[in-house]
$ cat input_26.txt   # compact mmCIF, C-alpha atoms and all ligand atoms
# COMPACT_ATOMS: atom_id res chain seq x y z
CA MET Q 23 -16.98 -10.01 -4.58
CA LYS Q 24 -18.67 -10.73 -7.88
CA GLU Q 25 -17.61 -13.94 -9.58
CA ILE Q 26 -16.14 -12.16 -12.61
CA TYR Q 27 -13.78 -10.09 -10.46
CA ARG Q 28 -12.78 -13.09 -8.40
CA ARG Q 29 -12.00 -14.98 -11.57
CA LEU Q 30 -9.88 -12.11 -12.88
CA MET Q 31 -8.15 -11.75 -9.52
CA ASN Q 32 -7.27 -15.45 -9.54
CA GLU Q 33 -5.96 -15.14 -13.08
CA SER Q 34 -3.87 -12.10 -12.10
CA GLN Q 35 -2.45 -13.95 -9.10
CA GLY Q 36 -1.49 -16.81 -11.42
CA ILE Q 37 0.30 -14.36 -13.71
CA ALA Q 38 2.09 -12.71 -10.77
CA SER Q 39 3.22 -16.06 -9.37
CA ARG Q 40 5.36 -16.61 -12.45
CA TYR Q 41 7.55 -13.63 -11.53
CA GLU Q 42 10.27 -13.56 -8.92
CA VAL Q 43 9.42 -11.57 -5.79
CA PRO Q 44 11.02 -8.09 -5.63
CA GLU Q 45 14.68 -7.95 -4.66
CA PHE Q 46 13.77 -6.08 -1.47
CA TYR Q 47 12.44 -9.35 0.02
CA ARG Q 48 15.26 -11.53 -1.31
CA ARG Q 49 18.15 -9.28 -0.38
CA PHE Q 50 16.97 -8.24 3.07
CA LYS Q 51 15.58 -11.51 4.41
CA PRO Q 52 17.00 -11.05 7.95
CA ALA Q 53 15.49 -7.55 8.32
CA VAL Q 54 12.20 -8.76 6.82
CA ALA Q 55 12.12 -11.55 9.43
CA ILE Q 56 12.89 -9.16 12.32
CA SER Q 57 10.19 -6.75 11.22
CA ARG Q 58 7.72 -9.61 10.97
CA ARG Q 59 8.62 -10.87 14.44
CA ILE Q 60 8.16 -7.43 15.99
CA PHE Q 61 4.84 -7.00 14.20
CA PHE Q 62 3.38 -10.23 15.56
CA ASP Q 63 5.04 -10.28 19.01
CA ASN Q 64 5.04 -6.71 20.26
CA PRO Q 65 2.19 -6.15 22.78
CA LEU Q 66 1.39 -2.66 21.44
CA LEU Q 67 0.97 -4.01 17.95
CA ILE Q 68 -1.07 -6.97 19.12
CA HIS Q 69 -3.39 -4.60 20.99
CA CYS Q 70 -3.60 -2.15 18.08
CA ARG Q 71 -4.43 -4.97 15.66
CA GLU Q 72 -7.27 -6.11 17.93
CA LEU Q 73 -8.66 -2.57 17.93
CA VAL Q 74 -8.46 -1.93 14.20
CA THR Q 75 -9.57 -5.32 12.91
CA PRO Q 76 -13.31 -4.53 13.28
CA GLN Q 77 -12.77 -1.14 11.58
CA TYR Q 78 -11.52 -2.82 8.41
CA VAL Q 79 -14.83 -4.55 7.78
CA ASP Q 80 -15.22 -3.39 4.20
CA ASP Q 81 -11.95 -4.37 2.68
CA PHE Q 82 -12.11 -2.08 -0.37
CA GLY Q 83 -8.65 -3.36 -1.23
CA HIS Q 84 -7.25 -1.40 1.69
CA GLY Q 85 -8.11 -3.68 4.56
CA LEU Q 86 -6.13 -5.47 7.20
CA GLN Q 87 -4.09 -7.39 4.65
CA HIS Q 88 -2.94 -4.14 3.04
CA ALA Q 89 -2.23 -2.56 6.43
CA THR Q 90 -0.25 -5.61 7.53
CA LYS Q 91 1.95 -5.60 4.44
CA VAL Q 92 2.57 -1.86 4.76
CA SER Q 93 3.45 -2.29 8.44
CA MET Q 94 5.92 -5.09 7.88
CA ASP Q 95 7.64 -3.47 4.88
CA ALA Q 96 7.81 -0.11 6.65
CA GLY Q 97 9.39 -1.85 9.65
CA THR Q 98 11.97 -3.44 7.36
CA ILE Q 99 12.79 -0.05 5.82
CA VAL Q 100 13.28 1.48 9.28
CA LEU Q 101 15.62 -1.37 10.26
CA LEU Q 102 17.65 -0.93 7.08
CA GLU Q 103 17.81 2.86 7.18
CA GLY Q 104 17.98 3.05 10.95
CA GLU Q 105 21.67 2.25 11.21
CA LYS Q 106 22.29 5.87 10.19
CA TYR Q 107 19.95 7.25 12.84
CA PHE Q 108 20.20 5.03 15.91
CA THR Q 109 23.15 3.96 17.99
CA VAL Q 110 21.01 2.07 20.48
CA GLN Q 111 19.20 -1.06 19.32
CA ALA Q 112 16.22 -0.42 21.61
CA GLU Q 113 15.65 2.99 19.97
CA MET Q 114 15.63 1.40 16.56
CA GLU Q 115 13.12 -1.24 17.67
CA ARG Q 116 10.94 1.49 19.13
CA ALA Q 117 10.94 3.26 15.76
CA VAL Q 118 9.93 -0.02 14.11
CA VAL Q 119 7.01 -0.31 16.53
CA LEU Q 120 5.96 3.27 15.75
CA VAL Q 121 6.06 2.81 11.98
CA GLN Q 122 4.17 -0.46 12.28
CA LEU Q 123 1.49 1.24 14.38
CA ALA Q 124 1.30 3.87 11.64
CA GLY Q 125 1.05 1.10 9.05
CA LEU Q 126 -1.82 -0.57 10.89
CA LEU Q 127 -3.68 2.72 11.29
CA HIS Q 128 -2.90 4.65 8.12
CA ASP Q 129 -5.99 3.64 6.14
CA ILE Q 130 -8.59 3.27 8.88
CA LYS Q 131 -10.45 6.24 7.35
CA ARG Q 132 -9.80 5.18 3.76
CA MET Q 133 -13.48 5.51 2.86
CA GLU Q 134 -13.61 9.17 3.88
CA GLU Q 135 -12.56 12.35 2.11
CA GLN Q 136 -9.09 13.53 3.14
CA HIS Q 137 -8.51 10.07 4.56
CA ALA Q 138 -4.89 10.82 5.48
CA SER Q 139 -5.59 13.80 7.74
CA VAL Q 140 -8.83 12.32 9.11
CA GLY Q 141 -6.98 9.05 9.74
CA ALA Q 142 -4.17 10.91 11.52
CA GLU Q 143 -6.66 12.41 13.98
CA ALA Q 144 -8.35 9.05 14.49
CA ALA Q 145 -4.94 7.51 15.20
CA ARG Q 146 -4.14 10.20 17.78
CA GLU Q 147 -7.40 9.41 19.52
CA LEU Q 148 -6.95 5.66 19.40
CA LEU Q 149 -3.35 5.79 20.67
CA ARG Q 150 -4.15 8.11 23.57
CA ASP Q 151 -4.45 5.17 25.97
CA PHE Q 152 -1.31 3.44 24.72
CA PRO Q 153 1.93 3.66 26.72
CA LEU Q 154 3.42 6.11 24.23
CA SER Q 155 4.81 9.62 24.77
CA SER Q 156 3.07 12.58 23.13
CA VAL Q 157 6.07 12.91 20.81
CA GLU Q 158 5.66 9.28 19.73
CA ILE Q 159 1.93 9.67 19.12
CA GLY Q 160 2.64 12.84 17.15
CA CYS Q 161 5.20 10.96 15.11
CA VAL Q 162 2.68 8.25 14.14
CA ALA Q 163 -0.04 10.82 13.37
CA GLU Q 164 2.24 12.98 11.22
CA ALA Q 165 3.37 9.95 9.26
CA ILE Q 166 -0.26 9.04 8.55
CA ALA Q 167 -1.12 12.64 7.62
CA SER Q 168 1.53 12.73 4.89
CA HIS Q 169 1.14 9.26 3.39
CA GLU Q 170 -1.04 10.15 0.44
CA ALA Q 171 0.43 9.54 -3.00
CA PHE Q 172 2.20 12.51 -4.59
CA SER Q 173 1.70 14.60 -1.45
CA GLU Q 174 4.53 16.76 -0.19
CA PRO Q 175 6.50 14.96 2.52
CA GLY Q 176 5.71 16.36 5.95
CA THR Q 177 8.51 17.75 8.07
CA CYS Q 178 8.95 16.04 11.42
CA ASP Q 179 10.68 17.47 14.46
CA THR Q 180 12.99 14.52 14.90
CA LEU Q 181 15.09 12.47 12.50
CA ALA Q 182 13.43 9.31 13.80
CA GLY Q 183 10.01 10.84 13.14
CA GLN Q 184 11.04 11.76 9.62
CA LEU Q 185 12.26 8.22 8.99
CA VAL Q 186 8.98 6.79 10.26
CA ALA Q 187 6.96 9.09 7.98
CA ASP Q 188 9.11 8.42 4.93
CA ALA Q 189 9.19 4.66 5.52
CA LEU Q 190 5.39 4.54 5.84
CA TYR Q 191 4.98 6.39 2.55
CA ASP Q 192 7.40 4.11 0.71
CA ALA Q 193 5.99 0.85 2.07
CA ASP Q 194 2.50 2.01 1.14
CA LYS Q 195 3.67 2.80 -2.40
CA PHE Q 196 5.31 -0.63 -2.74
CA ARG Q 197 1.66 -1.74 -2.92
CA TRP Q 198 1.35 -0.01 -6.28
CA GLY Q 199 3.43 -2.89 -7.59
CA PRO Q 200 2.21 -6.49 -7.89
CA ASP Q 201 -0.34 -6.09 -5.07
CA ASN Q 202 -2.29 -3.64 -7.19
CA PHE Q 203 -3.12 -6.32 -9.74
CA THR Q 204 -3.21 -9.37 -7.49
CA HIS Q 205 -5.55 -7.75 -5.01
CA THR Q 206 -6.44 -4.06 -4.84
CA VAL Q 207 -7.86 -3.33 -8.27
CA TRP Q 208 -10.36 -6.19 -8.12
CA TYR Q 209 -11.68 -5.22 -4.71
CA MET Q 210 -12.09 -1.64 -5.86
CA MET Q 211 -13.79 -2.76 -9.08
CA SER Q 212 -16.13 -4.83 -7.01
CA TYR Q 213 -16.84 -1.99 -4.61
CA TYR Q 214 -17.54 0.56 -7.35
CA GLN Q 215 -19.24 -2.10 -9.50
CA VAL Q 216 -17.08 -1.11 -12.44
CA ASP Q 217 -17.96 -2.97 -15.60
CA VAL Q 218 -15.18 -5.17 -16.96
CA ALA Q 219 -15.48 -3.47 -20.37
CA GLU Q 220 -14.97 -0.10 -18.70
CA LEU Q 221 -11.92 -1.38 -16.88
CA PHE Q 222 -10.53 -2.66 -20.16
CA GLY Q 223 -10.97 0.76 -21.75
CA ARG Q 224 -9.11 2.64 -19.07
CA PHE Q 225 -6.48 0.03 -18.40
CA PRO Q 226 -3.61 1.46 -20.49
CA TRP Q 227 -4.00 4.90 -18.95
CA GLY Q 228 -4.18 3.52 -15.46
CA VAL Q 229 -1.04 1.45 -15.97
CA ASN Q 230 0.87 4.43 -17.34
CA GLY Q 231 -0.29 6.55 -14.42
CA ILE Q 232 1.17 4.07 -11.96
CA LEU Q 233 4.66 4.70 -13.34
CA ARG Q 234 4.62 8.28 -12.04
CA ILE Q 235 4.80 7.05 -8.46
CA LYS Q 236 8.37 5.84 -9.03
CA GLU Q 237 9.66 9.39 -8.71
CA THR Q 238 8.11 9.93 -5.30
CA PHE Q 239 9.88 7.42 -3.04
CA ARG Q 240 11.35 9.17 -0.02
CA THR Q 241 13.88 6.91 1.72
CA ASN Q 242 17.10 5.68 0.13
CA ILE Q 243 15.83 2.12 0.34
CA GLY Q 244 12.52 3.17 -1.24
CA MET Q 245 14.28 5.02 -4.04
CA GLN Q 246 16.55 2.08 -4.67
CA TYR Q 247 14.08 -0.81 -4.44
CA GLY Q 248 10.66 0.80 -4.91
CA PRO Q 249 10.82 1.26 -8.69
CA GLU Q 250 11.28 -2.50 -9.14
CA PHE Q 251 7.96 -3.09 -7.36
CA ILE Q 252 6.29 -0.65 -9.74
CA ASP Q 253 7.89 -2.04 -12.90
CA LEU Q 254 6.96 -5.56 -11.82
CA GLY Q 255 3.38 -4.48 -11.19
CA VAL Q 256 3.20 -2.86 -14.62
CA ARG Q 257 4.53 -6.02 -16.30
CA ILE Q 258 1.89 -8.06 -14.50
CA GLY Q 259 -0.73 -5.43 -15.41
CA LYS Q 260 0.17 -5.66 -19.08
CA GLU Q 261 -0.26 -9.42 -18.99
CA VAL Q 262 -3.61 -9.00 -17.27
CA TYR Q 263 -4.58 -6.59 -20.05
CA GLN Q 264 -3.56 -9.13 -22.69
CA PHE Q 265 -5.63 -11.75 -20.88
CA LEU Q 266 -8.63 -9.41 -20.95
CA GLN Q 267 -8.03 -8.81 -24.66
CA ARG Q 268 -7.98 -12.55 -25.40
CA HIS Q 269 -11.07 -13.32 -23.36
CA LEU Q 270 -13.37 -10.41 -24.13
CA ASP Q 271 -16.12 -12.68 -25.43
CA SER Q 272 -16.06 -15.24 -22.66
CA LEU Q 273 -16.02 -12.46 -20.09
CA GLY Q 274 -19.28 -11.23 -21.57
CA MET Q 275 -18.05 -8.00 -23.07
CA SER Q 276 -17.10 -6.61 -26.44
CA GLY Q 277 -13.91 -4.63 -26.24
CA GLU Q 278 -14.23 -3.02 -29.66
CA ASP Q 279 -15.98 0.07 -28.42
CA ASN Q 280 -13.94 0.37 -25.29
CA ALA Q 281 -10.39 -0.59 -26.03
CA LEU Q 282 -7.96 2.29 -26.00
CA GLU Q 283 -10.56 4.96 -25.46
CA GLU Q 284 -9.32 7.55 -23.05
CA PRO Q 285 -11.37 7.33 -19.86
CA GLU Q 286 -13.78 10.20 -19.43
CA ASP Q 287 -14.12 10.32 -15.69
CA ASN Q 288 -11.92 10.41 -12.68
CA VAL Q 289 -12.65 6.85 -11.74
CA SER Q 290 -9.56 5.72 -13.64
CA GLY Q 291 -8.14 5.88 -10.15
CA VAL Q 292 -9.33 2.31 -9.70
CA ILE Q 293 -6.11 1.34 -11.39
CA GLU Q 294 -4.01 4.40 -10.91
CA ASP Q 295 -4.47 6.09 -7.60
CA GLY Q 296 -6.73 3.72 -5.78
CA THR Q 297 -3.74 2.16 -4.22
CA GLU Q 298 -2.52 4.82 -1.85
FE FE Q 301 -4.08 5.71 2.25
FE FE Q 302 -2.46 2.39 2.21
$ encode --input "input_26.txt" --output "structure tokens"
Amino acid sequence: MKEIYRRLMNESQGIASRYEVPEFYRRFKPAVAISRRIFFDNPLLIHCRELVTPQYVDDFGHGLQHATKVSMDAGTIVLLEGEKYFTVQAEMERAVVLVQLAGLLHDIKRMEEQHASVGAEAARELLRDFPLSSVEIGCVAEAIASHEAFSEPGTCDTLAGQLVADALYDADKFRWGPDNFTHTVWYMMSYYQVDVAELFGRFPWGVNGILRIKETFRTNIGMQYGPEFIDLGVRIGKEVYQFLQRHLDSLGMSGEDNALEEPEDNVSGVIEDGTE
């Protein structure tokens, strides 16, 4: 990563550290801990992580760290929502394993067109040798196929499958919150070699675009706690923007020609929809 982006990423992380973490993590600490334990202890997840780690070579802001966070948050959502769906604890834990597998695998084809459907097929292939039933593999693949932002939710055959798909979507969209500015946007800037002045110009539009995702959460937990992630991310983003404004000169750019100009191309997705 170029020094300028690393410097801005560090600054953004400093800004984010002054905010309290989202209520989701504070309120549901026990479920967060259980999801984490399953993620690191379950043999299927350990094996899957070993397989996907080399595939996430180019981070692009959607690497193993992103996949890990999505997996753990999705597992927490399944545990919290699962009381309505499961009467047997083992069934609930199995659904957590499935959603975490989906979390680990959902962006393995992130660099390709139609990465959700291509990723779903890759996941089917990769899971073929796992001790999973065809229904379970289908459940993971369908969740991955319908995880793209603003896409229509897929319809799964089973309630558990639907929960897994919806939880994956929501946990992935939690990343449009603080993570977008502490991590993702800088890796994507670096990858696309976006000029800092260009970023500055499109920043307000990108930040406003992020807000639209709040309407798309699919689980009750996502609908209730997801918007706080997004609002928090936007607050951090606005502070990052103010920082850019104050340091235009020292960052080697003049913002006069760029500030508040509507972006002309589709690459405004670096801020807005690069996060899915
Ligand atoms: Fe994705
Ligand atoms: Fe993702």
$ residues_near_ligand --input "input_26.txt" --ligand "ligand FE 302 (chain Q)" --cutoff "9 Å" --atoms "all atoms listed in the file" --output "JSON, numbers by chain"
{"Q": [84, 85, 88, 89, 92, 125, 128, 129, 132, 169, 170, 190, 191, 193, 194, 195, 197, 297, 298]}
$ atom_distance --input "input_26.txt" --atom1 "atom CA of Q:Gln136" --atom2 "atom CA of Q:Ser173"
11.8 Å
$ atom_distance --input "input_26.txt" --atom1 "atom CA of Q:Arg146" --atom2 "atom CA of Q:Val100"
21.3 Å
$ residues_near_point --input "input_26.txt" --point "(17.8, 0.1, 10.0)" --cutoff "10 Å" --atoms "all atoms listed in the file" --output "number ranges by chain"
Q: 53, 97-108, 111, 114-115, 117-118, 185
$ residues_around --input "input_26.txt" --residues "Q:Ala38" --least-positions-apart "4" --cutoff "8 Å" --atoms "only C-alpha atoms" --output "PyMOL selection string"
chain Q and resi 34+200+204+258
$ write_last_selection --input "input_26.txt" --atoms "C-alpha atoms" --output "compact mmCIF listing (two decimals), in the frame of the given file"
# COMPACT_ATOMS: atom_id res chain seq x y z
CA SER Q 34 -3.87 -12.10 -12.10
CA PRO Q 200 2.21 -6.49 -7.89
CA THR Q 204 -3.21 -9.37 -7.49
CA ILE Q 258 1.89 -8.06 -14.50
$ closest_residue --input "input_26.txt" --among "Q:Val207, Q:Met133, Q:Val216, Q:Ala144" --to "Q:Gly228" --atoms "only C-alpha atoms"
Q:Val207
$ closest_residue --input "input_26.txt" --among "Q:Ile166, Q:Leu181, Q:Leu120, Q:Ile252" --to "ligand FE 301 (chain Q)" --atoms "all atoms listed in the file"
Q:Ile166
$ closest_residue --input "input_26.txt" --among "Q:Phe61, Q:Phe152, Q:Tyr47, Q:Trp198" --to "ligand FE 301 (chain Q)" --atoms "all atoms listed in the file"
Q:Trp198
$ residues_around --input "input_26.txt" --residues "Q:Gly176" --least-positions-apart "4" --cutoff "9 Å" --atoms "only C-alpha atoms" --output "ChimeraX atom specification"
/Q:164-165,167-169,184,187-188
$ residues_around --input "input_26.txt" --residues "Q:Ile235" --least-positions-apart "4" --cutoff "10 Å" --atoms "all atoms listed in the file" --output "PyMOL selection string"
chain Q and resi 171-172+192+195-196+198+231+239+248-249+252+294-295
$ closest_residue --input "input_26.txt" --among "Q:Glu45, Q:Asp253, Q:Asp63, Q:Glu143" --to "Q:Gly199" --atoms "all atoms listed in the file"
Q:Asp253
$ residues_around --input "input_26.txt" --residues "Q:Gln264" --least-positions-apart "4" --cutoff "12 Å" --atoms "all atoms listed in the file" --output "ChimeraX atom specification"
/Q:33-34,37,222,225-226,257-260,268-270,277,281
$ decode --input "input_26.txt" --residues "stretch 176-200 of chain Q" --atoms "N, CA and C atoms" --output "short mmCIF file (atom, residue, chain, number, x, y, z; two decimals), in the first residue's frame"
data_model
loop_
_atom_site.label_atom_id
_atom_site.label_comp_id
_atom_site.auth_asym_id
_atom_site.auth_seq_id
_atom_site.Cartn_x
_atom_site.Cartn_y
_atom_site.Cartn_z
N GLY Q 176 -32.50 -14.06 -1.84
CA GLY Q 176 -32.86 -15.34 -2.44
C GLY Q 176 -33.90 -16.05 -1.57
N THR Q 177 -34.58 -17.00 -2.14
CA THR Q 177 -35.54 -17.77 -1.34
C THR Q 177 -34.97 -19.16 -1.13
N CYS Q 178 -34.81 -19.53 0.13
CA CYS Q 178 -34.24 -20.85 0.44
C CYS Q 178 -35.36 -21.82 0.79
N ASP Q 179 -35.05 -23.10 0.61
CA ASP Q 179 -36.05 -24.13 0.85
C ASP Q 179 -36.39 -24.29 2.32
N THR Q 180 -35.41 -24.02 3.16
CA THR Q 180 -35.64 -24.24 4.59
C THR Q 180 -35.53 -22.92 5.36
N LEU Q 181 -36.17 -22.87 6.51
CA LEU Q 181 -36.08 -21.67 7.34
C LEU Q 181 -34.64 -21.44 7.79
N ALA Q 182 -33.96 -22.54 8.12
CA ALA Q 182 -32.56 -22.41 8.55
C ALA Q 182 -31.71 -21.84 7.41
N GLY Q 183 -31.98 -22.33 6.20
CA GLY Q 183 -31.23 -21.83 5.04
C GLY Q 183 -31.48 -20.35 4.82
N GLN Q 184 -32.73 -19.95 4.99
CA GLN Q 184 -33.07 -18.53 4.82
C GLN Q 184 -32.36 -17.68 5.87
N LEU Q 185 -32.31 -18.18 7.09
CA LEU Q 185 -31.63 -17.45 8.16
C LEU Q 185 -30.14 -17.30 7.84
N VAL Q 186 -29.54 -18.39 7.37
CA VAL Q 186 -28.12 -18.34 7.02
C VAL Q 186 -27.87 -17.28 5.92
N ALA Q 187 -28.72 -17.28 4.90
CA ALA Q 187 -28.54 -16.32 3.80
C ALA Q 187 -28.73 -14.89 4.28
N ASP Q 188 -29.76 -14.68 5.07
CA ASP Q 188 -30.05 -13.31 5.54
C ASP Q 188 -28.98 -12.82 6.51
N ALA Q 189 -28.49 -13.73 7.36
CA ALA Q 189 -27.46 -13.35 8.34
C ALA Q 189 -26.15 -13.02 7.63
N LEU Q 190 -25.82 -13.78 6.57
CA LEU Q 190 -24.60 -13.47 5.81
C LEU Q 190 -24.70 -12.07 5.20
N TYR Q 191 -25.83 -11.79 4.58
CA TYR Q 191 -26.01 -10.47 3.96
C TYR Q 191 -25.82 -9.36 5.01
N ASP Q 192 -26.49 -9.50 6.13
CA ASP Q 192 -26.45 -8.43 7.13
C ASP Q 192 -25.05 -8.25 7.71
N ALA Q 193 -24.38 -9.35 8.03
CA ALA Q 193 -23.03 -9.23 8.60
C ALA Q 193 -22.07 -8.60 7.60
N ASP Q 194 -22.27 -8.92 6.32
CA ASP Q 194 -21.44 -8.32 5.28
C ASP Q 194 -21.70 -6.82 5.20
N LYS Q 195 -22.96 -6.41 5.36
CA LYS Q 195 -23.29 -5.00 5.26
C LYS Q 195 -22.94 -4.23 6.54
N PHE Q 196 -22.74 -4.91 7.65
CA PHE Q 196 -22.19 -4.23 8.82
C PHE Q 196 -20.84 -3.60 8.47
N ARG Q 197 -20.16 -4.21 7.49
CA ARG Q 197 -18.83 -3.72 7.09
C ARG Q 197 -18.89 -2.38 6.36
N TRP Q 198 -20.09 -1.96 5.99
CA TRP Q 198 -20.24 -0.63 5.38
C TRP Q 198 -20.18 0.46 6.44
N GLY Q 199 -20.07 0.04 7.68
CA GLY Q 199 -19.95 0.99 8.78
C GLY Q 199 -18.50 1.40 8.98
N PRO Q 200 -18.03 1.42 10.23
CA PRO Q 200 -16.66 1.87 10.50
C PRO Q 200 -15.60 1.18 9.65
#
